[in-house]
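upload02.cif (mmCIF, C-alpha atoms and all ligand atoms) appears below.
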data_final
#
loop_
_atom_site.group_PDB
_atom_site.id
_atom_site.type_symbol
_atom_site.label_atom_id
_atom_site.label_comp_id
_atom_site.auth_asym_id
_atom_site.auth_seq_id
_atom_site.Cartn_x
_atom_site.Cartn_y
_atom_site.Cartn_z
ATOM 1 C CA MET S 85 50.418 34.232 -24.964
ATOM 2 C CA LYS S 86 46.985 35.864 -24.956
ATOM 3 C CA ALA S 87 45.682 36.857 -21.507
ATOM 4 C CA SER S 88 43.034 34.136 -21.251
ATOM 5 C CA LEU S 89 42.048 31.305 -18.962
ATOM 6 C CA TYR S 90 43.148 27.990 -20.526
ATOM 7 C CA ILE S 91 41.334 24.873 -19.259
ATOM 8 C CA VAL S 92 43.917 22.167 -19.847
ATOM 9 C CA SER S 93 43.234 18.423 -19.635
ATOM 10 C CA THR S 94 46.026 16.278 -18.223
ATOM 11 C CA PRO S 95 46.506 12.462 -18.201
ATOM 12 C CA ILE S 96 44.341 10.118 -16.065
ATOM 13 C CA GLY S 97 47.208 7.666 -15.574
ATOM 14 C CA ASN S 98 49.466 7.170 -18.551
ATOM 15 C CA LEU S 99 51.617 10.315 -18.769
ATOM 16 C CA ASN S 100 51.774 10.051 -22.561
ATOM 17 C CA ASP S 101 48.074 10.896 -22.759
ATOM 18 C CA ILE S 102 48.590 14.619 -23.080
ATOM 19 C CA SER S 103 48.277 16.704 -26.218
ATOM 20 C CA LEU S 104 51.114 18.662 -27.796
ATOM 21 C CA ARG S 105 48.936 21.739 -27.475
ATOM 22 C CA ALA S 106 48.457 21.115 -23.748
ATOM 23 C CA ILE S 107 52.217 20.869 -23.194
ATOM 24 C CA GLU S 108 52.858 23.994 -25.224
ATOM 25 C CA THR S 109 50.138 25.910 -23.377
ATOM 26 C CA LEU S 110 51.445 24.851 -19.969
ATOM 27 C CA LYS S 111 54.935 25.964 -21.003
ATOM 28 C CA ARG S 112 53.834 29.344 -22.293
ATOM 29 C CA VAL S 113 51.264 30.586 -19.765
ATOM 30 C CA ASP S 114 52.410 32.882 -16.948
ATOM 31 C CA CYS S 115 50.920 30.702 -14.268
ATOM 32 C CA ILE S 116 49.160 27.343 -13.736
ATOM 33 C CA ALA S 117 46.382 27.011 -11.167
ATOM 34 C CA CYS S 118 46.179 23.439 -9.856
ATOM 35 C CA GLU S 119 44.585 21.404 -7.078
ATOM 36 C CA ASP S 120 47.695 19.906 -5.523
ATOM 37 C CA THR S 121 50.956 21.640 -6.361
ATOM 38 C CA ARG S 122 53.084 18.615 -5.389
ATOM 39 C CA MET S 123 51.130 16.271 -7.625
ATOM 40 C CA SER S 124 51.098 18.657 -10.593
ATOM 41 C CA GLN S 125 54.809 19.368 -10.167
ATOM 42 C CA ARG S 126 55.473 15.729 -11.101
ATOM 43 C CA LEU S 127 53.700 16.226 -14.433
ATOM 44 C CA LEU S 128 55.551 19.490 -15.053
ATOM 45 C CA ASN S 129 58.899 17.843 -14.247
ATOM 46 C CA HIS S 130 58.136 15.006 -16.661
ATOM 47 C CA TYR S 131 57.578 17.486 -19.502
ATOM 48 C CA GLN S 132 60.251 19.970 -18.372
ATOM 49 C CA ILE S 133 57.722 22.696 -17.825
ATOM 50 C CA ALA S 134 59.045 25.448 -15.586
ATOM 51 C CA THR S 135 55.839 27.508 -15.197
ATOM 52 C CA LYS S 136 54.883 28.694 -11.711
ATOM 53 C CA LEU S 137 52.103 26.707 -9.966
ATOM 54 C CA VAL S 138 49.464 28.273 -7.727
ATOM 55 C CA SER S 139 46.890 26.449 -5.673
ATOM 56 C CA TYR S 140 43.197 26.426 -6.628
ATOM 57 C CA HIS S 141 41.067 23.692 -5.092
ATOM 58 C CA GLU S 142 37.542 22.759 -4.117
ATOM 59 C CA PHE S 143 37.701 24.789 -0.927
ATOM 60 C CA SER S 144 39.269 27.877 -2.449
ATOM 61 C CA ASP S 145 37.055 30.822 -1.657
ATOM 62 C CA GLU S 146 35.901 33.676 -3.855
ATOM 63 C CA LYS S 147 38.980 35.715 -3.010
ATOM 64 C CA VAL S 148 41.231 33.123 -4.675
ATOM 65 C CA SER S 149 39.123 33.133 -7.864
ATOM 66 C CA ASP S 150 39.084 36.938 -7.819
ATOM 67 C CA ARG S 151 42.857 37.121 -7.420
ATOM 68 C CA LEU S 152 43.443 34.741 -10.349
ATOM 69 C CA LEU S 153 40.965 36.532 -12.603
ATOM 70 C CA ASP S 154 42.310 39.976 -11.625
ATOM 71 C CA ALA S 155 45.746 38.774 -12.796
ATOM 72 C CA ILE S 156 44.277 37.750 -16.188
ATOM 73 C CA GLU S 157 42.572 41.131 -16.489
ATOM 74 C CA ARG S 158 45.973 42.748 -15.858
ATOM 75 C CA GLY S 159 47.304 40.867 -18.890
ATOM 76 C CA GLU S 160 48.588 37.532 -17.491
ATOM 77 C CA SER S 161 47.756 34.216 -19.148
ATOM 78 C CA MET S 162 46.670 31.405 -16.881
ATOM 79 C CA ALA S 163 46.030 27.665 -17.184
ATOM 80 C CA LEU S 164 43.759 25.624 -14.945
ATOM 81 C CA ILE S 165 44.559 21.939 -14.485
ATOM 82 C CA SER S 166 43.255 19.341 -12.033
ATOM 83 C CA ASP S 167 45.037 16.359 -10.470
ATOM 84 C CA ALA S 168 43.994 14.240 -13.448
ATOM 85 C CA GLY S 169 41.823 14.456 -16.529
ATOM 86 C CA THR S 170 39.613 17.336 -17.509
ATOM 87 C CA PRO S 171 39.157 20.173 -14.994
ATOM 88 C CA LEU S 172 35.569 20.740 -13.795
ATOM 89 C CA ILE S 173 34.600 17.102 -14.480
ATOM 90 C CA SER S 174 34.052 16.026 -10.845
ATOM 91 C CA ASP S 175 36.893 18.442 -10.173
ATOM 92 C CA PRO S 176 37.227 22.088 -9.127
ATOM 93 C CA GLY S 177 36.977 25.005 -11.529
ATOM 94 C CA TYR S 178 33.290 25.733 -12.063
ATOM 95 C CA ARG S 179 33.281 28.886 -9.962
ATOM 96 C CA LEU S 180 36.426 30.185 -11.631
ATOM 97 C CA VAL S 181 35.170 29.559 -15.165
ATOM 98 C CA ASN S 182 31.717 30.919 -14.425
ATOM 99 C CA GLU S 183 33.183 34.099 -12.982
ATOM 100 C CA ALA S 184 35.619 34.406 -15.907
ATOM 101 C CA VAL S 185 32.701 34.153 -18.344
ATOM 102 C CA ASN S 186 30.782 36.771 -16.330
ATOM 103 C CA ARG S 187 33.790 39.079 -16.551
ATOM 104 C CA ASP S 188 34.089 38.529 -20.320
ATOM 105 C CA ILE S 189 37.469 36.872 -19.921
ATOM 106 C CA GLN S 190 38.188 34.488 -22.777
ATOM 107 C CA VAL S 191 38.110 30.843 -21.641
ATOM 108 C CA VAL S 192 39.986 28.440 -23.929
ATOM 109 C CA PRO S 193 39.508 24.667 -23.565
ATOM 110 C CA ILE S 194 42.507 22.464 -24.356
ATOM 111 C CA PRO S 195 40.796 19.046 -24.547
ATOM 112 C CA GLY S 196 42.260 15.690 -23.641
ATOM 113 C CA SER S 197 41.788 12.774 -21.238
ATOM 114 C CA CYS S 198 38.615 12.295 -19.267
ATOM 115 C CA ALA S 199 37.984 9.046 -17.382
ATOM 116 C CA PHE S 200 34.288 8.724 -18.163
ATOM 117 C CA VAL S 201 34.737 9.397 -21.884
ATOM 118 C CA ALA S 202 37.514 6.790 -22.077
ATOM 119 C CA ALA S 203 35.338 4.316 -20.146
ATOM 120 C CA LEU S 204 32.279 4.910 -22.319
ATOM 121 C CA SER S 205 34.277 4.592 -25.532
ATOM 122 C CA ALA S 206 35.424 1.080 -24.586
ATOM 123 C CA SER S 207 32.382 -0.131 -22.635
ATOM 124 C CA GLY S 208 30.290 -1.674 -25.367
ATOM 125 C CA LEU S 209 27.236 0.129 -23.954
ATOM 126 C CA PRO S 210 25.164 2.521 -26.090
ATOM 127 C CA SER S 211 27.065 5.778 -26.470
ATOM 128 C CA ASP S 212 24.553 7.774 -28.509
ATOM 129 C CA ARG S 213 22.886 9.026 -25.343
ATOM 130 C CA PHE S 214 24.398 8.965 -21.875
ATOM 131 C CA SER S 215 24.139 10.703 -18.564
ATOM 132 C CA PHE S 216 27.244 11.419 -16.529
ATOM 133 C CA GLU S 217 26.206 11.341 -12.873
ATOM 134 C CA GLY S 218 29.588 11.869 -11.212
ATOM 135 C CA PHE S 219 29.893 10.385 -7.702
ATOM 136 C CA LEU S 220 26.752 8.943 -6.104
ATOM 137 C CA PRO S 221 26.109 10.026 -2.490
ATOM 138 C CA SER S 222 28.286 8.107 -0.036
ATOM 139 C CA LYS S 223 25.437 7.343 2.431
ATOM 140 C CA SER S 224 23.220 4.439 1.437
ATOM 141 C CA GLY S 225 19.884 6.239 1.979
ATOM 142 C CA ALA S 226 20.820 9.147 -0.266
ATOM 143 C CA ARG S 227 22.415 6.798 -2.815
ATOM 144 C CA VAL S 228 19.246 4.698 -3.038
ATOM 145 C CA LYS S 229 17.194 7.874 -3.547
ATOM 146 C CA ALA S 230 19.523 9.071 -6.313
ATOM 147 C CA LEU S 231 19.327 5.680 -8.047
ATOM 148 C CA GLU S 232 15.522 5.611 -7.742
ATOM 149 C CA ALA S 233 15.433 8.905 -9.632
ATOM 150 C CA LEU S 234 17.512 7.366 -12.441
ATOM 151 C CA LYS S 235 15.690 4.042 -12.600
ATOM 152 C CA LYS S 236 13.745 4.773 -15.778
ATOM 153 C CA SER S 237 16.379 6.856 -17.592
ATOM 154 C CA PRO S 238 16.767 5.346 -21.056
ATOM 155 C CA GLN S 239 20.329 6.562 -21.586
ATOM 156 C CA THR S 240 23.548 4.872 -20.429
ATOM 157 C CA LEU S 241 24.314 5.958 -16.863
ATOM 158 C CA ILE S 242 27.901 6.760 -15.906
ATOM 159 C CA PHE S 243 29.214 7.046 -12.354
ATOM 160 C CA TYR S 244 32.564 7.688 -10.727
ATOM 161 C CA GLU S 245 33.074 5.511 -7.678
ATOM 162 C CA ALA S 246 35.550 5.187 -4.850
ATOM 163 C CA PRO S 247 37.082 1.733 -4.252
ATOM 164 C CA HIS S 248 35.811 1.436 -0.665
ATOM 165 C CA ARG S 249 32.221 1.987 -1.828
ATOM 166 C CA ILE S 250 32.179 -0.082 -5.022
ATOM 167 C CA LEU S 251 30.550 -3.189 -3.515
ATOM 168 C CA ASP S 252 27.824 -1.257 -1.693
ATOM 169 C CA SER S 253 27.102 0.814 -4.786
ATOM 170 C CA LEU S 254 26.888 -2.181 -7.128
ATOM 171 C CA LYS S 255 24.578 -3.896 -4.651
ATOM 172 C CA ASP S 256 22.252 -0.872 -4.520
ATOM 173 C CA MET S 257 22.399 -0.510 -8.311
ATOM 174 C CA ALA S 258 21.383 -4.159 -8.794
ATOM 175 C CA ALA S 259 18.535 -3.822 -6.288
ATOM 176 C CA ILE S 260 17.168 -0.600 -7.754
ATOM 177 C CA LEU S 261 18.109 -0.481 -11.426
ATOM 178 C CA GLY S 262 17.590 -4.222 -11.958
ATOM 179 C CA GLU S 263 19.711 -7.288 -11.410
ATOM 180 C CA GLN S 264 19.956 -8.093 -15.102
ATOM 181 C CA ARG S 265 20.888 -4.640 -16.374
ATOM 182 C CA GLU S 266 24.146 -4.702 -18.321
ATOM 183 C CA ALA S 267 26.909 -2.867 -16.486
ATOM 184 C CA VAL S 268 30.604 -2.201 -16.943
ATOM 185 C CA LEU S 269 33.377 -1.647 -14.450
ATOM 186 C CA ALA S 270 36.230 0.332 -16.051
ATOM 187 C CA ARG S 271 39.120 0.349 -13.612
ATOM 188 C CA GLU S 272 42.597 1.848 -13.662
ATOM 189 C CA LEU S 273 42.196 3.100 -17.226
ATOM 190 C CA THR S 274 45.435 3.732 -19.102
ATOM 191 C CA LYS S 275 47.424 2.185 -16.228
ATOM 192 C CA THR S 276 49.134 -1.185 -15.752
ATOM 193 C CA PHE S 277 46.121 -2.965 -14.243
ATOM 194 C CA GLU S 278 43.515 -1.551 -16.594
ATOM 195 C CA THR S 279 40.383 -3.735 -16.454
ATOM 196 C CA ILE S 280 37.128 -3.361 -18.347
ATOM 197 C CA LYS S 281 34.492 -5.920 -17.394
ATOM 198 C CA LYS S 282 30.928 -6.130 -18.675
ATOM 199 C CA LEU S 283 28.335 -8.231 -16.854
ATOM 200 C CA PRO S 284 24.747 -7.961 -15.622
ATOM 201 C CA LEU S 285 24.702 -5.954 -12.371
ATOM 202 C CA THR S 286 24.289 -8.855 -9.903
ATOM 203 C CA GLU S 287 27.045 -10.816 -11.623
ATOM 204 C CA LEU S 288 29.321 -7.787 -11.702
ATOM 205 C CA HIS S 289 28.727 -7.312 -7.974
ATOM 206 C CA ALA S 290 29.612 -10.979 -7.309
ATOM 207 C CA TRP S 291 32.673 -10.788 -9.587
ATOM 208 C CA VAL S 292 34.049 -7.686 -7.868
ATOM 209 C CA GLY S 293 33.239 -9.198 -4.467
ATOM 210 C CA SER S 294 35.175 -12.370 -5.236
ATOM 211 C CA ASP S 295 38.418 -10.572 -6.171
ATOM 212 C CA ALA S 296 39.938 -8.000 -3.809
ATOM 213 C CA ASN S 297 42.057 -6.623 -6.671
ATOM 214 C CA GLN S 298 38.914 -5.425 -8.423
ATOM 215 C CA GLN S 299 38.098 -3.325 -5.390
ATOM 216 C CA LYS S 300 41.246 -1.229 -5.752
ATOM 217 C CA GLY S 301 42.249 1.834 -7.714
ATOM 218 C CA GLU S 302 40.237 4.331 -9.697
ATOM 219 C CA MET S 303 36.991 3.257 -11.292
ATOM 220 C CA VAL S 304 34.076 4.198 -13.483
ATOM 221 C CA VAL S 305 30.803 2.268 -13.424
ATOM 222 C CA LEU S 306 28.518 2.362 -16.457
ATOM 223 C CA VAL S 307 25.003 0.950 -16.514
ATOM 224 C CA GLY S 308 22.847 0.337 -19.582
ATOM 225 C CA GLY S 309 19.749 2.554 -19.791
ATOM 226 C CA TYR S 310 16.237 1.454 -18.903
ATOM 227 C CA GLU S 311 14.544 -0.461 -21.677
ATOM 228 C CA GLN S 312 10.834 -0.053 -21.851
ATOM 229 C CA PRO S 313 9.265 -3.535 -22.045
ATOM 230 C CA GLU S 314 7.260 -3.856 -25.224
ATOM 231 C CA TYR S 315 4.143 -4.500 -23.151
ATOM 232 C CA GLU S 316 3.882 -3.371 -19.594
ATOM 233 C CA GLU S 317 0.109 -3.275 -19.334
ATOM 234 C CA LEU S 318 -2.946 -3.569 -21.539
ATOM 235 C CA ASN S 319 -4.304 -0.488 -23.256
ATOM 236 C CA SER S 320 -7.948 0.445 -22.719
ATOM 237 C CA SER S 321 -9.357 -1.350 -25.784
ATOM 238 C CA GLN S 322 -7.433 -4.534 -24.929
ATOM 239 C CA GLU S 323 -8.769 -4.282 -21.394
ATOM 240 C CA HIS S 324 -12.312 -3.888 -22.746
ATOM 241 C CA LEU S 325 -11.888 -7.030 -24.837
ATOM 242 C CA VAL S 326 -10.646 -8.937 -21.799
ATOM 243 C CA LYS S 327 -13.733 -7.850 -19.843
ATOM 244 C CA LEU S 328 -16.066 -9.047 -22.606
ATOM 245 C CA LEU S 329 -14.298 -12.397 -22.921
ATOM 246 C CA LEU S 330 -14.319 -12.900 -19.156
ATOM 247 C CA ASN S 331 -18.131 -12.883 -19.276
ATOM 248 C CA GLU S 332 -18.013 -15.997 -21.453
ATOM 249 C CA LEU S 333 -14.752 -17.814 -20.693
ATOM 250 C CA PRO S 334 -12.504 -18.785 -17.773
ATOM 251 C CA PRO S 335 -9.547 -16.410 -17.019
ATOM 252 C CA LYS S 336 -6.919 -18.923 -18.164
ATOM 253 C CA THR S 337 -8.518 -19.241 -21.595
ATOM 254 C CA VAL S 338 -8.947 -15.479 -21.884
ATOM 255 C CA SER S 339 -5.299 -14.853 -21.132
ATOM 256 C CA LYS S 340 -4.297 -17.531 -23.666
ATOM 257 C CA ILE S 341 -6.449 -16.061 -26.451
ATOM 258 C CA VAL S 342 -5.618 -12.399 -25.796
ATOM 259 C CA SER S 343 -1.865 -12.979 -25.415
ATOM 260 C CA ALA S 344 -1.759 -15.054 -28.623
ATOM 261 C CA HIS S 345 -3.781 -12.456 -30.502
ATOM 262 C CA PHE S 346 -1.638 -9.481 -29.489
ATOM 263 C CA GLY S 347 1.663 -11.399 -29.255
ATOM 264 C CA MET S 348 2.256 -10.394 -25.667
ATOM 265 C CA PRO S 349 3.330 -12.426 -22.605
ATOM 266 C CA LYS S 350 0.464 -14.320 -20.929
ATOM 267 C CA LYS S 351 1.463 -13.019 -17.496
ATOM 268 C CA ILE S 352 0.651 -9.444 -18.540
ATOM 269 C CA VAL S 353 -2.882 -10.411 -19.564
ATOM 270 C CA TYR S 354 -3.226 -12.499 -16.442
ATOM 271 C CA GLN S 355 -2.081 -9.583 -14.278
ATOM 272 C CA ALA S 356 -4.676 -7.379 -15.977
ATOM 273 C CA ILE S 357 -7.349 -9.989 -15.181
ATOM 274 C CA LEU S 358 -6.251 -10.040 -11.546
ATOM 275 C CA ASN S 359 -6.372 -6.215 -11.434
ATOM 276 C CA LEU S 360 -9.937 -6.320 -12.798
ATOM 277 C CA SER S 361 -11.207 -8.726 -10.193
HETATM 278 N N1 LIG S 401 38.553 15.174 -13.857
HETATM 279 C C1 LIG S 401 38.680 13.745 -13.925
HETATM 280 C C2 LIG S 401 38.241 13.273 -15.306
HETATM 281 O O1 LIG S 401 38.315 14.048 -16.250
HETATM 282 O O2 LIG S 401 37.866 12.116 -15.457
HETATM 283 C C3 LIG S 401 37.931 13.073 -12.809
HETATM 284 C C4 LIG S 401 38.376 13.487 -11.444
HETATM 285 S S1 LIG S 401 37.500 12.716 -10.154
HETATM 286 C C5 LIG S 401 38.068 13.600 -8.762
HETATM 287 C C6 LIG S 401 38.381 11.206 -9.931
HETATM 288 C C7 LIG S 401 37.544 9.993 -10.324
HETATM 289 O O3 LIG S 401 37.619 9.816 -11.741
HETATM 290 C C8 LIG S 401 38.074 8.695 -9.748
HETATM 291 O O4 LIG S 401 37.597 8.479 -8.428
HETATM 292 C C9 LIG S 401 37.515 7.681 -10.715
HETATM 293 O O5 LIG S 401 36.154 7.436 -10.461
HETATM 294 C C10 LIG S 401 37.653 8.452 -12.043
HETATM 295 N N2 LIG S 401 38.963 8.159 -12.645
HETATM 296 C C11 LIG S 401 40.020 8.994 -12.727
HETATM 297 N N3 LIG S 401 41.053 8.378 -13.341
HETATM 298 C C12 LIG S 401 40.640 7.131 -13.655
HETATM 299 C C13 LIG S 401 41.239 6.004 -14.288
HETATM 300 N N4 LIG S 401 42.499 6.046 -14.701
HETATM 301 N N5 LIG S 401 40.501 4.882 -14.436
HETATM 302 C C14 LIG S 401 39.220 4.818 -14.017
HETATM 303 N N6 LIG S 401 38.610 5.849 -13.394
HETATM 304 C C15 LIG S 401 39.297 6.982 -13.222
#

Rewrite the structure of this file - the entire thing - as structure tokens.
Ligand code: SAM
Amino acid sequence: MKASLYIVSTPIGNLNDISLRAIETLKRVDCIACEDTRMSQRLLNHYQIATKLVSYHEFSDEKVSDRLLDAIERGESMALISDAGTPLISDPGYRLVNEAVNRDIQVVPIPGSCAFVAALSASGLPSDRFSFEGFLPSKSGARVKALEALKKSPQTLIFYEAPHRILDSLKDMAAILGEQREAVLARELTKTFETIKKLPLTELHAWVGSDANQQKGEMVVLVGGYEQPEYEELNSSQEHLVKLLLNELPPKTVSKIVSAHFGMPKKIVYQAILNLS
């Protein structure tokens, strides 16, 4: 096996969701770096993989990365796995990979399961453009701020969420992103109680709130992107026309004529009239 760093995806629930190449790589490397050796040992036992496990987690310091990369430079092959899914996706590994790249060590991805990709693929929300946001801040103030920054993003938004925060997060999402925005809760993917539910945000919040089972397990929340209303405000020439008409006609009539002429909602013209007065 070539002395490289192999980034190996593992299942997010169903143990069959692992590639043949991932199994072969895990069998053949000299060593597997993982977050939780006890958890990863279960996967190795299932596939009769006897490779040695070493610990590499979020709090591992530089020395741990250096030690692992020194071993590769001495000719060892090494795999990095996380507790579930694709390493580095809301999981440790960035520092290790970045340092490996800086040292010109070959990094080889062995692709496979990833919770947000699985969720997006089955969500029914636009998948041509999306933004993976990982976990929102746990404190409400910071979460609200993060959502405010995403409010006008046109792409599908994807979040990981913890079960004890799902109701608070959905509530904040509805308040900030819009009550009627389409959203999807993708829960326990690939497992026995897999649930994928699509509803407008307020309804999704109520639905999750009314069933304690929906507040359990692992979950991804996806929210449809911001859709620019066809007319938000009048352009300058429309506004000029409104001003001229207001000299001759009552506001109600002006808003009726202008909205009919441009095929826009009356309330937008009316709002423009109010702004002018
Ligand atoms: N690296 C993983 C990946 O590739 O998806 C993600 C790890 S992150 C620490 C764990 C979060 O991923 C969970 O809190 C949940 O939001 C999401 N997740 C993981 N497995 C899932 C599953 N089976 N169903 C739904 N969400 C899942």

>> 9 Å from ligand LIG 401 (chain S) is the threshold here; counting all atoms listed in the file, which polymer residues fall inside it? Answer as a PyMOL selection string.
In response: chain S and resi 93-98+166-176+196-203+218-219+243-247+269-275+278-279+301-305

Within 9 Å of Ser124 (chain S) using all atoms listed in the file, minus same-chain residues under 3 positions, as a PDB file with C-alpha atoms, in the frame of the given file:
ATOM      1  CA  CYS S 118      46.179  23.439  -9.856  1.00  0.00           C
ATOM      2  CA  GLU S 119      44.585  21.404  -7.078  1.00  0.00           C
ATOM      3  CA  ASP S 120      47.695  19.906  -5.523  1.00  0.00           C
ATOM      4  CA  THR S 121      50.956  21.640  -6.361  1.00  0.00           C
ATOM      5  CA  LEU S 127      53.700  16.226 -14.433  1.00  0.00           C
ATOM      6  CA  LEU S 128      55.551  19.490 -15.053  1.00  0.00           C
ATOM      7  CA  ASN S 129      58.899  17.843 -14.247  1.00  0.00           C
ATOM      8  CA  LEU S 137      52.103  26.707  -9.966  1.00  0.00           C
ATOM      9  CA  ILE S 165      44.559  21.939 -14.485  1.00  0.00           C
ATOM     10  CA  SER S 166      43.255  19.341 -12.033  1.00  0.00           C
ATOM     11  CA  ASP S 167      45.037  16.359 -10.470  1.00  0.00           C
ATOM     12  CA  ALA S 168      43.994  14.240 -13.448  1.00  0.00           C
TER      13      ALA S 168
END

> Of the candidates S:Pro195, S:Gly347, S:Val342, S:Met162, which shows the shortest atom-to-atom distance to Val92 (chain S), using all atoms listed in the file?
Replying inline: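 Ranking S:Pro195, S:Gly347, S:Val342, S:Met162 by distance to Val92 (chain S), first place goes to S:Pro195.
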
Output as a tab-separated table one row per residue of region 98-149 of chain S within 10 Å of region 179-185 of chain S: the closest atom pair and its distance in Å to one decimal place, counting only C-alpha atoms, sorted by chain and residue number ascending.
residue	atom	partner	partner_atom	distance
S:Tyr140	CA	S:Leu180	CA	9.2
S:Glu142	CA	S:Arg179	CA	9.5
S:Ser144	CA	S:Arg179	CA	9.7
S:Asp145	CA	S:Arg179	CA	9.3
S:Glu146	CA	S:Arg179	CA	8.2
S:Val148	CA	S:Leu180	CA	9.0
S:Ser149	CA	S:Leu180	CA	5.5

Those residues you just picked out, can you put them in a file as a tab-separated table (two decimals), in the coordinates of the input with C-alpha atoms?
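Result file is part-v4.tsv:
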chain	number	residue	atom	x	y	z
S	140	TYR	CA	43.20	26.43	-6.63
S	142	GLU	CA	37.54	22.76	-4.12
S	144	SER	CA	39.27	27.88	-2.45
S	145	ASP	CA	37.06	30.82	-1.66
S	146	GLU	CA	35.90	33.68	-3.86
S	148	VAL	CA	41.23	33.12	-4.68
S	149	SER	CA	39.12	33.13	-7.86

> Counting only C-alpha atoms, which of S:Ile341, S:Ile357, S:Ile156, S:Leu261 gets nearest to Glu311 (chain S)?
Replying inline: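 Closest residue, counting only C-alpha atoms: S:Leu261.
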
> Looking at only C-alpha atoms, which of S:Ser103, S:Ser321, S:Gln125, S:Ser88 is the one that sits closest to Gly159 (chain S)?
Replying inline: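 Between S:Ser103, S:Ser321, S:Gln125, S:Ser88, the residue approaching Gly159 (chain S) most closely is S:Ser88.
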
>> Using the chain letters and numbers from this file, what does the PyMOL selection byres (((chain S and resi 282-289) around 8) and not hetatm) select? Give the answer as a list in words.
In response: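 That expression, the PyMOL selection byres (((chain S and resi 282-289) around 8) and not hetatm), corresponds here to Ser207, Leu251, Leu254, Lys255, Met257, Ala258, Gly262, Glu263, Gln264, Arg265, Glu266, Ala267, Val268, Leu269, Ile280, Lys281, Ala290, Trp291, Val292 and Gly293 of chain S.
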
What's the 9 Å shell around Leu318 (chain S), counting all atoms listed in the file, without same-chain residues fewer than 3 positions away, as a PDB file with C-alpha atoms, in the coordinates of the input?
ATOM      1  CA  TYR S 315       4.143  -4.500 -23.151  1.00  0.00           C
ATOM      2  CA  SER S 321      -9.357  -1.350 -25.784  1.00  0.00           C
ATOM      3  CA  GLN S 322      -7.433  -4.534 -24.929  1.00  0.00           C
ATOM      4  CA  GLU S 323      -8.769  -4.282 -21.394  1.00  0.00           C
ATOM      5  CA  ILE S 352       0.651  -9.444 -18.540  1.00  0.00           C
ATOM      6  CA  VAL S 353      -2.882 -10.411 -19.564  1.00  0.00           C
ATOM      7  CA  ALA S 356      -4.676  -7.379 -15.977  1.00  0.00           C
TER       8      ALA S 356
END

> Rounded to one decimal in Å, what is the spacing between CA of Glu314 (chain S) and CA of Ala233 (chain S)?
Replying inline: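 CA of Ala233 (chain S) lies 21.7 Å from CA of Glu314 (chain S).
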
>> As an exercise, work out the distance from CA of Phe346 (chain S) to CA of Pro238 (chain S) in Å and give it to one decimal place.
In response: 25.1 Å

>> Counting only C-alpha atoms, which residue out of S:Lys340, S:Arg249, S:His324, S:Arg187 sits closest to Gln298 (chain S)?
In response: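 When distances to Gln298 (chain S) are compared using only C-alpha atoms, the smallest one comes from S:Arg249.
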
>> As a check of understanding, name the residues that the PyMOL selection byres (((chain S and resi 208-216) around 7) and not hetatm) selects in the supplied structure, as a ChimeraX atom specification.
In response: /S:204,206-207,217-218,239-243,308

>> Here is a test: counting only C-alpha atoms, which residue of S:Leu333, S:Ile189, S:Ala226, S:Ile260 is nearest to Asp154 (chain S)?
In response: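 For Asp154 (chain S), the nearest of the candidates is S:Ile189.
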